[in-house]
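Asker: Dropping in upload29.tsv, with TSV, N, CA and C atoms.
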```tsv
chain	number	residue	atom	x	y	z
A	10	PHE	N	0.84	-1.18	0.00
A	10	PHE	CA	0.00	0.00	0.00
A	10	PHE	C	0.88	1.24	0.00
A	11	PRO	N	0.35	2.39	-0.39
A	11	PRO	CA	1.16	3.60	-0.47
A	11	PRO	C	1.78	3.96	0.88
A	12	GLY	N	3.05	4.29	0.87
A	12	GLY	CA	3.74	4.68	2.10
A	12	GLY	C	4.35	3.53	2.86
A	13	ALA	N	4.15	2.29	2.37
A	13	ALA	CA	4.71	1.12	3.06
A	13	ALA	C	6.22	1.07	2.85
A	14	LYS	N	6.93	0.53	3.84
A	14	LYS	CA	8.38	0.41	3.75
A	14	LYS	C	8.78	-1.04	3.97
A	15	ASN	N	9.87	-1.44	3.34
A	15	ASN	CA	10.44	-2.76	3.58
A	15	ASN	C	11.11	-2.76	4.94
A	16	CYS	N	11.04	-3.87	5.64
A	16	CYS	CA	11.70	-3.99	6.93
A	16	CYS	C	12.76	-5.07	6.83
A	17	GLU	N	14.00	-4.67	6.85
A	17	GLU	CA	15.11	-5.62	6.78
A	17	GLU	C	16.03	-5.38	7.96
A	18	PRO	N	16.46	-6.36	8.68
A	18	PRO	CA	16.02	-7.74	8.61
A	18	PRO	C	14.62	-7.88	9.20
A	19	LEU	N	13.93	-8.92	8.79
A	19	LEU	CA	12.55	-9.15	9.20
A	19	LEU	C	12.42	-9.31	10.71
A	20	SER	N	13.47	-9.82	11.36
A	20	SER	CA	13.43	-10.02	12.81
A	20	SER	C	13.27	-8.70	13.57
A	21	GLU	N	13.57	-7.58	12.92
A	21	GLU	CA	13.43	-6.27	13.57
A	21	GLU	C	12.02	-5.70	13.45
A	22	LEU	N	11.15	-6.38	12.70
A	22	LEU	CA	9.79	-5.90	12.48
A	22	LEU	C	9.03	-5.69	13.79
A	23	MET	N	9.20	-6.60	14.74
A	23	MET	CA	8.44	-6.51	15.99
A	23	MET	C	8.90	-5.37	16.91
A	24	PHE	N	9.97	-4.70	16.55
A	24	PHE	CA	10.46	-3.62	17.39
A	24	PHE	C	10.16	-2.24	16.82
A	25	GLY	N	9.39	-2.20	15.74
A	25	GLY	CA	9.00	-0.92	15.17
A	25	GLY	C	7.92	-0.26	16.02
A	26	LYS	N	7.73	1.03	15.82
A	26	LYS	CA	6.70	1.76	16.56
A	26	LYS	C	5.33	1.29	16.05
A	27	CYS	N	4.52	0.77	16.99
A	27	CYS	CA	3.20	0.27	16.61
A	27	CYS	C	2.27	0.34	17.82
A	28	ASP	N	0.98	0.21	17.57
A	28	ASP	CA	0.01	0.22	18.67
A	28	ASP	C	-0.08	-1.15	19.33
A	29	ILE	N	-0.18	-2.21	18.52
A	29	ILE	CA	-0.39	-3.55	19.05
A	29	ILE	C	0.66	-4.50	18.49
A	30	LEU	N	1.32	-5.23	19.39
A	30	LEU	CA	2.27	-6.26	19.01
A	30	LEU	C	1.64	-7.61	19.34
A	31	ILE	N	1.62	-8.51	18.37
A	31	ILE	CA	1.06	-9.84	18.60
A	31	ILE	C	2.15	-10.87	18.30
A	32	PRO	N	2.95	-11.23	19.31
A	32	PRO	CA	3.96	-12.26	19.09
A	32	PRO	C	3.29	-13.63	19.06
A	33	ALA	N	3.10	-14.17	17.85
A	33	ALA	CA	2.31	-15.39	17.71
A	33	ALA	C	3.07	-16.53	17.06
A	34	ALA	N	4.24	-16.29	16.55
A	34	ALA	CA	4.92	-17.32	15.77
A	34	ALA	C	5.65	-18.35	16.62
A	35	CYS	N	6.33	-17.92	17.65
A	35	CYS	CA	7.12	-18.88	18.43
A	35	CYS	C	7.32	-18.37	19.85
A	36	GLU	N	7.69	-19.30	20.73
A	36	GLU	CA	7.91	-18.91	22.12
A	36	GLU	C	9.21	-18.11	22.24
A	37	ASN	N	9.29	-17.36	23.31
A	37	ASN	CA	10.44	-16.51	23.60
A	37	ASN	C	10.76	-15.54	22.46
A	38	SER	N	9.73	-14.99	21.83
A	38	SER	CA	9.93	-13.97	20.80
A	38	SER	C	10.64	-12.76	21.39
A	39	THR	N	10.22	-12.41	22.60
A	39	THR	CA	10.93	-11.35	23.31
A	39	THR	C	11.69	-12.01	24.45
A	40	HIS	N	12.86	-11.50	24.70
A	40	HIS	CA	13.70	-12.04	25.77
A	40	HIS	C	14.51	-10.90	26.35
A	41	THR	N	15.32	-11.19	27.34
A	41	THR	CA	16.07	-10.15	28.04
A	41	THR	C	16.91	-9.31	27.09
A	42	GLY	N	17.39	-9.91	26.03
A	42	GLY	CA	18.23	-9.18	25.08
A	42	GLY	C	17.49	-8.21	24.18
A	43	ASN	N	16.16	-8.36	24.03
A	43	ASN	CA	15.47	-7.48	23.08
A	43	ASN	C	14.20	-6.83	23.62
A	44	SER	N	13.77	-7.16	24.83
A	44	SER	CA	12.50	-6.61	25.32
A	44	SER	C	12.54	-5.09	25.48
A	45	GLY	N	13.72	-4.52	25.67
A	45	GLY	CA	13.84	-3.07	25.78
A	45	GLY	C	13.57	-2.35	24.47
A	46	LYS	N	13.59	-3.09	23.35
A	46	LYS	CA	13.37	-2.48	22.04
A	46	LYS	C	11.89	-2.45	21.64
A	47	VAL	N	11.02	-3.13	22.41
A	47	VAL	CA	9.59	-3.17	22.08
A	47	VAL	C	8.99	-1.78	22.29
A	48	GLN	N	8.32	-1.26	21.26
A	48	GLN	CA	7.73	0.08	21.33
A	48	GLN	C	6.20	0.05	21.32
A	49	ALA	N	5.61	-1.13	21.33
A	49	ALA	CA	4.16	-1.26	21.24
A	49	ALA	C	3.47	-0.80	22.52
A	50	MET	N	2.25	-0.26	22.36
A	50	MET	CA	1.45	0.14	23.53
A	50	MET	C	0.72	-1.06	24.12
A	51	PHE	N	0.38	-2.05	23.29
A	51	PHE	CA	-0.29	-3.27	23.73
A	51	PHE	C	0.47	-4.46	23.17
A	52	ALA	N	0.55	-5.51	23.97
A	52	ALA	CA	1.12	-6.77	23.48
A	52	ALA	C	0.09	-7.85	23.76
A	53	GLN	N	-0.39	-8.48	22.72
A	53	GLN	CA	-1.35	-9.57	22.88
A	53	GLN	C	-0.62	-10.87	22.63
A	54	VAL	N	-0.37	-11.61	23.70
A	54	VAL	CA	0.40	-12.85	23.62
A	54	VAL	C	-0.50	-13.95	23.07
A	55	VAL	N	-0.11	-14.54	21.95
A	55	VAL	CA	-0.89	-15.62	21.36
A	55	VAL	C	-0.11	-16.92	21.41
A	56	ALA	N	1.18	-16.89	21.11
A	56	ALA	CA	2.00	-18.10	21.20
A	56	ALA	C	2.24	-18.43	22.67
A	57	GLU	N	2.42	-19.70	22.96
A	57	GLU	CA	2.72	-20.11	24.33
A	57	GLU	C	4.07	-19.51	24.73
A	58	ALA	N	4.08	-18.78	25.83
A	58	ALA	CA	5.31	-18.20	26.39
A	58	ALA	C	6.06	-17.33	25.39
A	59	ALA	N	5.33	-16.54	24.61
A	59	ALA	CA	5.99	-15.64	23.65
A	59	ALA	C	6.78	-14.56	24.38
A	60	ILE	N	6.31	-14.18	25.56
A	60	ILE	CA	7.02	-13.21	26.39
A	60	ILE	C	7.31	-13.92	27.71
A	61	ASN	N	8.58	-14.03	28.08
A	61	ASN	CA	8.88	-14.73	29.33
A	61	ASN	C	8.54	-13.84	30.54
A	62	PRO	N	8.36	-14.43	31.72
A	62	PRO	CA	7.90	-13.67	32.89
A	62	PRO	C	8.76	-12.46	33.26
A	63	ALA	N	10.08	-12.58	33.14
A	63	ALA	CA	10.95	-11.45	33.49
A	63	ALA	C	10.73	-10.28	32.54
A	64	ASP	N	10.58	-10.57	31.25
A	64	ASP	CA	10.37	-9.50	30.28
A	64	ASP	C	8.96	-8.93	30.37
A	65	GLU	N	8.00	-9.77	30.74
A	65	GLU	CA	6.64	-9.26	30.96
A	65	GLU	C	6.66	-8.23	32.09
A	66	LYS	N	7.36	-8.56	33.16
A	66	LYS	CA	7.48	-7.62	34.29
A	66	LYS	C	8.17	-6.33	33.85
A	67	PHE	N	9.22	-6.45	33.04
A	67	PHE	CA	9.94	-5.28	32.54
A	67	PHE	C	9.01	-4.39	31.71
A	68	LEU	N	8.26	-4.99	30.79
A	68	LEU	CA	7.36	-4.21	29.94
A	68	LEU	C	6.25	-3.54	30.75
A	69	LEU	N	5.75	-4.24	31.77
A	69	LEU	CA	4.68	-3.66	32.59
A	69	LEU	C	5.20	-2.52	33.47
A	70	THR	N	6.39	-2.67	34.04
A	70	THR	CA	6.92	-1.62	34.91
A	70	THR	C	7.37	-0.40	34.11
A	71	ARG	N	7.62	-0.60	32.83
A	71	ARG	CA	7.97	0.53	31.97
A	71	ARG	C	6.81	1.53	31.92
A	72	GLY	N	5.59	1.02	32.12
A	72	GLY	CA	4.43	1.89	32.26
A	72	GLY	C	3.69	2.27	31.01
A	73	ASN	N	4.19	1.92	29.84
A	73	ASN	CA	3.48	2.32	28.62
A	73	ASN	C	3.11	1.13	27.73
A	74	CYS	N	3.06	-0.06	28.32
A	74	CYS	CA	2.71	-1.25	27.55
A	74	CYS	C	1.78	-2.13	28.36
A	75	LEU	N	0.61	-2.41	27.83
A	75	LEU	CA	-0.36	-3.30	28.46
A	75	LEU	C	-0.25	-4.66	27.78
A	76	ILE	N	-0.16	-5.72	28.58
A	76	ILE	CA	-0.02	-7.07	28.03
A	76	ILE	C	-1.31	-7.85	28.24
A	77	ILE	N	-1.85	-8.38	27.16
A	77	ILE	CA	-3.04	-9.23	27.23
A	77	ILE	C	-2.55	-10.67	27.23
A	78	PRO	N	-2.74	-11.41	28.34
A	78	PRO	CA	-2.17	-12.75	28.43
A	78	PRO	C	-2.79	-13.74	27.45
A	79	ASP	N	-2.02	-14.78	27.14
A	79	ASP	CA	-2.50	-15.78	26.18
A	79	ASP	C	-3.75	-16.49	26.67
A	80	MET	N	-3.93	-16.60	27.99
A	80	MET	CA	-5.13	-17.25	28.52
A	80	MET	C	-6.38	-16.49	28.08
A	81	CYS	N	-6.31	-15.16	28.06
A	81	CYS	CA	-7.45	-14.35	27.61
A	81	CYS	C	-7.55	-14.35	26.08
A	82	ALA	N	-6.43	-14.18	25.43
A	82	ALA	CA	-6.43	-14.09	23.97
A	82	ALA	C	-6.86	-15.39	23.30
A	83	ASN	N	-6.59	-16.52	23.94
A	83	ASN	CA	-6.89	-17.82	23.34
A	83	ASN	C	-8.19	-18.43	23.85
A	84	SER	N	-8.94	-17.71	24.66
A	84	SER	CA	-10.13	-18.31	25.27
A	84	SER	C	-11.20	-18.68	24.24
A	85	GLY	N	-11.24	-18.01	23.12
A	85	GLY	CA	-12.20	-18.36	22.07
A	85	GLY	C	-11.95	-19.75	21.53
A	86	GLY	N	-10.69	-20.09	21.36
A	86	GLY	CA	-10.34	-21.43	20.90
A	86	GLY	C	-10.74	-22.51	21.89
A	87	VAL	N	-10.59	-22.20	23.17
A	87	VAL	CA	-10.97	-23.16	24.21
A	87	VAL	C	-12.48	-23.36	24.19
A	88	THR	N	-13.23	-22.28	24.01
A	88	THR	CA	-14.69	-22.37	23.96
A	88	THR	C	-15.14	-23.23	22.78
A	89	VAL	N	-14.55	-23.00	21.62
A	89	VAL	CA	-14.90	-23.78	20.44
A	89	VAL	C	-14.54	-25.25	20.66
A	90	SER	N	-13.40	-25.51	21.29
A	90	SER	CA	-13.01	-26.89	21.58
A	90	SER	C	-14.02	-27.57	22.49
A	91	PHE	N	-14.59	-26.81	23.43
A	91	PHE	CA	-15.60	-27.35	24.34
A	91	PHE	C	-16.79	-27.87	23.54
A	92	PHE	N	-17.21	-27.11	22.52
A	92	PHE	CA	-18.34	-27.55	21.71
A	92	PHE	C	-17.95	-28.67	20.75
A	93	ASP	N	-16.71	-28.69	20.31
A	93	ASP	CA	-16.26	-29.75	19.40
A	93	ASP	C	-16.16	-31.09	20.09
A	94	LEU	N	-15.81	-31.11	21.37
A	94	LEU	CA	-15.60	-32.37	22.08
A	94	LEU	C	-16.82	-33.28	22.04
A	95	PRO	N	-18.01	-32.81	22.47
A	95	PRO	CA	-19.18	-33.70	22.39
A	95	PRO	C	-19.56	-34.05	20.96
A	96	VAL	N	-19.35	-33.12	20.05
A	96	VAL	CA	-19.68	-33.39	18.65
A	96	VAL	C	-18.82	-34.53	18.14
A	97	ASN	N	-17.53	-34.48	18.45
A	97	ASN	CA	-16.62	-35.52	17.97
A	97	ASN	C	-16.85	-36.85	18.68
A	98	ARG	N	-17.21	-36.83	19.94
A	98	ARG	CA	-17.43	-38.07	20.68
A	98	ARG	C	-18.73	-38.75	20.28
A	99	ASN	N	-19.80	-37.98	20.23
A	99	ASN	CA	-21.14	-38.55	20.01
A	99	ASN	C	-21.66	-38.34	18.60
A	100	LEU	N	-20.87	-37.72	17.76
A	100	LEU	CA	-21.29	-37.40	16.40
A	100	LEU	C	-22.59	-36.60	16.39
A	101	ALA	N	-22.73	-35.70	17.37
A	101	ALA	CA	-23.92	-34.85	17.47
A	101	ALA	C	-23.63	-33.51	16.81
A	102	SER	N	-24.63	-32.96	16.15
A	102	SER	CA	-24.46	-31.65	15.52
A	102	SER	C	-24.60	-30.56	16.58
A	103	HIS	N	-24.14	-29.37	16.24
A	103	HIS	CA	-24.26	-28.24	17.17
A	103	HIS	C	-25.74	-27.96	17.45
A	104	GLY	N	-26.60	-28.10	16.44
A	104	GLY	CA	-28.04	-27.88	16.63
A	104	GLY	C	-28.64	-28.83	17.64
A	105	ARG	N	-28.17	-30.07	17.63
A	105	ARG	CA	-28.65	-31.04	18.61
A	105	ARG	C	-28.20	-30.68	20.01
A	106	LEU	N	-26.99	-30.12	20.12
A	106	LEU	CA	-26.48	-29.74	21.44
A	106	LEU	C	-27.27	-28.58	22.02
A	107	THR	N	-27.73	-27.67	21.17
A	107	THR	CA	-28.44	-26.49	21.67
A	107	THR	C	-29.94	-26.71	21.79
A	108	PHE	N	-30.47	-27.79	21.22
A	108	PHE	CA	-31.91	-28.03	21.24
A	108	PHE	C	-32.46	-28.07	22.66
A	109	LYS	N	-31.83	-28.86	23.54
A	109	LYS	CA	-32.32	-29.00	24.92
A	109	LYS	C	-32.26	-27.66	25.64
A	110	TYR	N	-31.18	-26.91	25.43
A	110	TYR	CA	-31.06	-25.60	26.07
A	110	TYR	C	-32.19	-24.67	25.62
A	111	GLU	N	-32.45	-24.63	24.32
A	111	GLU	CA	-33.51	-23.77	23.80
A	111	GLU	C	-34.88	-24.21	24.30
A	112	ARG	N	-35.13	-25.53	24.33
A	112	ARG	CA	-36.40	-26.05	24.83
A	112	ARG	C	-36.59	-25.66	26.30
A	113	ASP	N	-35.57	-25.87	27.12
A	113	ASP	CA	-35.66	-25.53	28.55
A	113	ASP	C	-35.86	-24.03	28.75
A	114	THR	N	-35.16	-23.22	27.95
A	114	THR	CA	-35.30	-21.77	28.05
A	114	THR	C	-36.72	-21.35	27.71
A	115	ASN	N	-37.28	-21.91	26.65
A	115	ASN	CA	-38.65	-21.58	26.26
A	115	ASN	C	-39.66	-22.01	27.32
A	116	GLU	N	-39.43	-23.18	27.94
A	116	GLU	CA	-40.33	-23.63	29.00
A	116	GLU	C	-40.27	-22.69	30.21
A	117	HIS	N	-39.08	-22.25	30.57
A	117	HIS	CA	-38.94	-21.30	31.69
A	117	HIS	C	-39.61	-19.97	31.36
A	118	LEU	N	-39.46	-19.52	30.13
A	118	LEU	CA	-40.09	-18.27	29.70
A	118	LEU	C	-41.61	-18.39	29.77
A	119	LEU	N	-42.15	-19.48	29.27
A	119	LEU	CA	-43.59	-19.72	29.31
A	119	LEU	C	-44.09	-19.76	30.75
A	120	LYS	N	-43.38	-20.45	31.62
A	120	LYS	CA	-43.75	-20.53	33.03
A	120	LYS	C	-43.73	-19.14	33.67
A	121	SER	N	-42.76	-18.34	33.34
A	121	SER	CA	-42.66	-16.98	33.87
A	121	SER	C	-43.85	-16.13	33.43
A	122	VAL	N	-44.24	-16.24	32.16
A	122	VAL	CA	-45.39	-15.49	31.64
A	122	VAL	C	-46.67	-15.97	32.33
A	123	GLU	N	-46.83	-17.29	32.47
A	123	GLU	CA	-48.01	-17.83	33.16
A	123	GLU	C	-48.09	-17.32	34.60
A	124	ASP	N	-46.96	-17.33	35.30
A	124	ASP	CA	-46.94	-16.84	36.69
A	124	ASP	C	-47.31	-15.36	36.76
A	125	SER	N	-46.80	-14.57	35.83
A	125	SER	CA	-47.10	-13.13	35.82
A	125	SER	C	-48.58	-12.88	35.57
A	126	ILE	N	-49.16	-13.61	34.61
A	126	ILE	CA	-50.59	-13.45	34.31
A	126	ILE	C	-51.43	-13.90	35.50
A	127	SER	N	-51.05	-15.02	36.12
A	127	SER	CA	-51.77	-15.53	37.29
A	127	SER	C	-51.78	-14.50	38.41
A	128	LYS	N	-50.65	-13.88	38.66
A	128	LYS	CA	-50.56	-12.88	39.73
A	128	LYS	C	-51.42	-11.66	39.41
A	129	SER	N	-51.37	-11.22	38.15
A	129	SER	CA	-52.12	-10.02	37.80
A	129	SER	C	-53.63	-10.27	37.78
A	130	LEU	N	-54.07	-11.49	37.48
A	130	LEU	CA	-55.50	-11.81	37.45
A	130	LEU	C	-55.98	-12.45	38.74
A	131	ASN	N	-55.06	-12.72	39.65
A	131	ASN	CA	-55.36	-13.40	40.91
A	131	ASN	C	-56.06	-14.74	40.70
A	132	GLN	N	-55.67	-15.44	39.67
A	132	GLN	CA	-56.21	-16.78	39.45
A	132	GLN	C	-55.19	-17.61	38.69
A	133	LYS	N	-55.32	-18.91	38.80
A	133	LYS	CA	-54.38	-19.81	38.15
A	133	LYS	C	-54.70	-19.89	36.66
A	134	VAL	N	-53.66	-19.83	35.85
A	134	VAL	CA	-53.82	-19.91	34.40
A	134	VAL	C	-53.48	-21.31	33.94
```
Translate the structure described by the file into structure tokens.
Answerer:
Amino acid sequence: FPGAKNCEPLSELMFGKCDILIPAACENSTHTGNSGKVQAMFAQVVAEAAINPADEKFLLTRGNCLIIPDMCANSGGVTVSFFDLPVNRNLASHGRLTFKYERDTNEHLLKSVEDSISKSLNQKV
């Protein structure tokens, strides 16, 4: 795109001035030797242990970098895996998994409406 620049060597790309750094390729992307060069305002850790604990502490105490831990960043994948597990074990579709929940929700809603009408009319519906 217009105004884009080549970054050589590519390993220096993560140390450029940016809003969000997402070290996702490999663990220990940042380490004691290079964490001082990180200029990002946010770091969203996606790879396992992309930022080691000592460097995480360094970036946080610097005061201008917020780190979003991999546990938060990867929680969507864990949620999807939760739904995949029963599907893979029982060969059930997602619709089958949600059917009982929707049926129970509708029954509770109907019961709530019946109770409200009964109270307002002072008689059992």
Asker: Any idea what the distance is between atom C of Asp28 of chain A and atom C of Gln53 of chain A?
Answerer: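 Separation between atom C of Asp28 of chain A and atom C of Gln53 of chain A: 10.3 Å.
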Asker: Which residues come within 8 Å of Asn73 of chain A, counting all atoms listed in the file, excluding same-chain residues fewer than 5 positions away, as a PyMOL selection string?
Answerer: chain A and resi 48-51+68
Asker: Ranking A:Cys27, A:Glu123, A:Lys109, A:Asn131 by minimum distance to Val47 of chain A and counting all atoms listed in the file, which one comes first?
Answerer: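 Using all atoms listed in the file, Val47 of chain A sits closest to A:Cys27.
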Asker: Could you check the closest approach to Gly42 of chain A for each of A:Asp64, A:Leu69, A:Leu130, A:Tyr110 and tell me which residue wins, using only C-alpha atoms?
Answerer: A:Asp64
Asker: How far is it from atom CA of Ala33 of chain A to atom CA of Ala59 of chain A, in Å with one decimal?
Answerer: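 Value for the atom CA of Ala33 of chain A-atom CA of Ala59 of chain A distance: 7.0 Å.
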Asker: Among the residues of chain A, find those DSSP assigns to strand (DSSP E or B) from the backbone and print them as an mmCIF file with N, CA and C atoms, keeping the file's coordinate frame.
Answerer:
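After the write, states_6.cif holds the following:
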```
data_model
loop_
_atom_site.group_PDB
_atom_site.id
_atom_site.type_symbol
_atom_site.label_atom_id
_atom_site.label_comp_id
_atom_site.auth_asym_id
_atom_site.auth_seq_id
_atom_site.Cartn_x
_atom_site.Cartn_y
_atom_site.Cartn_z
ATOM 1 N N ILE A 29 -0.180 -2.210 18.520
ATOM 2 C CA ILE A 29 -0.390 -3.550 19.050
ATOM 3 C C ILE A 29 0.660 -4.500 18.490
ATOM 4 N N LEU A 30 1.320 -5.230 19.390
ATOM 5 C CA LEU A 30 2.270 -6.260 19.010
ATOM 6 C C LEU A 30 1.640 -7.610 19.340
ATOM 7 N N THR A 39 10.220 -12.410 22.600
ATOM 8 C CA THR A 39 10.930 -11.350 23.310
ATOM 9 C C THR A 39 11.690 -12.010 24.450
ATOM 10 N N PHE A 51 0.380 -2.050 23.290
ATOM 11 C CA PHE A 51 -0.290 -3.270 23.730
ATOM 12 C C PHE A 51 0.470 -4.460 23.170
ATOM 13 N N ALA A 52 0.550 -5.510 23.970
ATOM 14 C CA ALA A 52 1.120 -6.770 23.480
ATOM 15 C C ALA A 52 0.090 -7.850 23.760
ATOM 16 N N GLN A 53 -0.390 -8.480 22.720
ATOM 17 C CA GLN A 53 -1.350 -9.570 22.880
ATOM 18 C C GLN A 53 -0.620 -10.870 22.630
ATOM 19 N N ILE A 60 6.310 -14.180 25.560
ATOM 20 C CA ILE A 60 7.020 -13.210 26.390
ATOM 21 C C ILE A 60 7.310 -13.920 27.710
ATOM 22 N N LEU A 75 0.610 -2.410 27.830
ATOM 23 C CA LEU A 75 -0.360 -3.300 28.460
ATOM 24 C C LEU A 75 -0.250 -4.660 27.780
ATOM 25 N N ILE A 76 -0.160 -5.720 28.580
ATOM 26 C CA ILE A 76 -0.020 -7.070 28.030
ATOM 27 C C ILE A 76 -1.310 -7.850 28.240
ATOM 28 N N ILE A 77 -1.850 -8.380 27.160
ATOM 29 C CA ILE A 77 -3.040 -9.230 27.230
ATOM 30 C C ILE A 77 -2.550 -10.670 27.230
#
```
Asker: Within 7 Å of Pro78 of chain A, counting all atoms listed in the file, which residues show up once you throw out same-chain ones fewer than 4 positions away? Write them as a ChimeraX atom specification, please.
Answerer: /A:52-55,82-83
Asker: Could you tell me, as a PyMOL selection string, which residues of chain A DSSP assigns to helix (DSSP H, G or I) when given the backbone?
Answerer: chain A and resi 19-24+44-46+62-71+79-82+84-99+103-130
Asker: Atom CA of Lys46 of chain A to atom CA of Arg71 of chain A: how many Å, to one decimal?
Answerer: 11.7 Å
Asker: Which residue, A:Ile60, A:Asp113, A:Ile29, A:Phe108, has the smallest gap to Cys74 of chain A when you use only C-alpha atoms?
Answerer: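 Nearest candidate to Cys74 of chain A out of A:Ile60, A:Asp113, A:Ile29, A:Phe108: A:Ile29.
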Asker: Which centre and which edge lengths, in Å to one decimal, describe the axis-aligned box that holds all listed atoms of segment 12-23 of chain A after 3 Å is added on each side, as JSON?
Answerer:
```
{"center_x": 9.8, "center_y": -2.7, "center_z": 8.9, "size_x": 19.4, "size_y": 20.7, "size_z": 22.0}
```
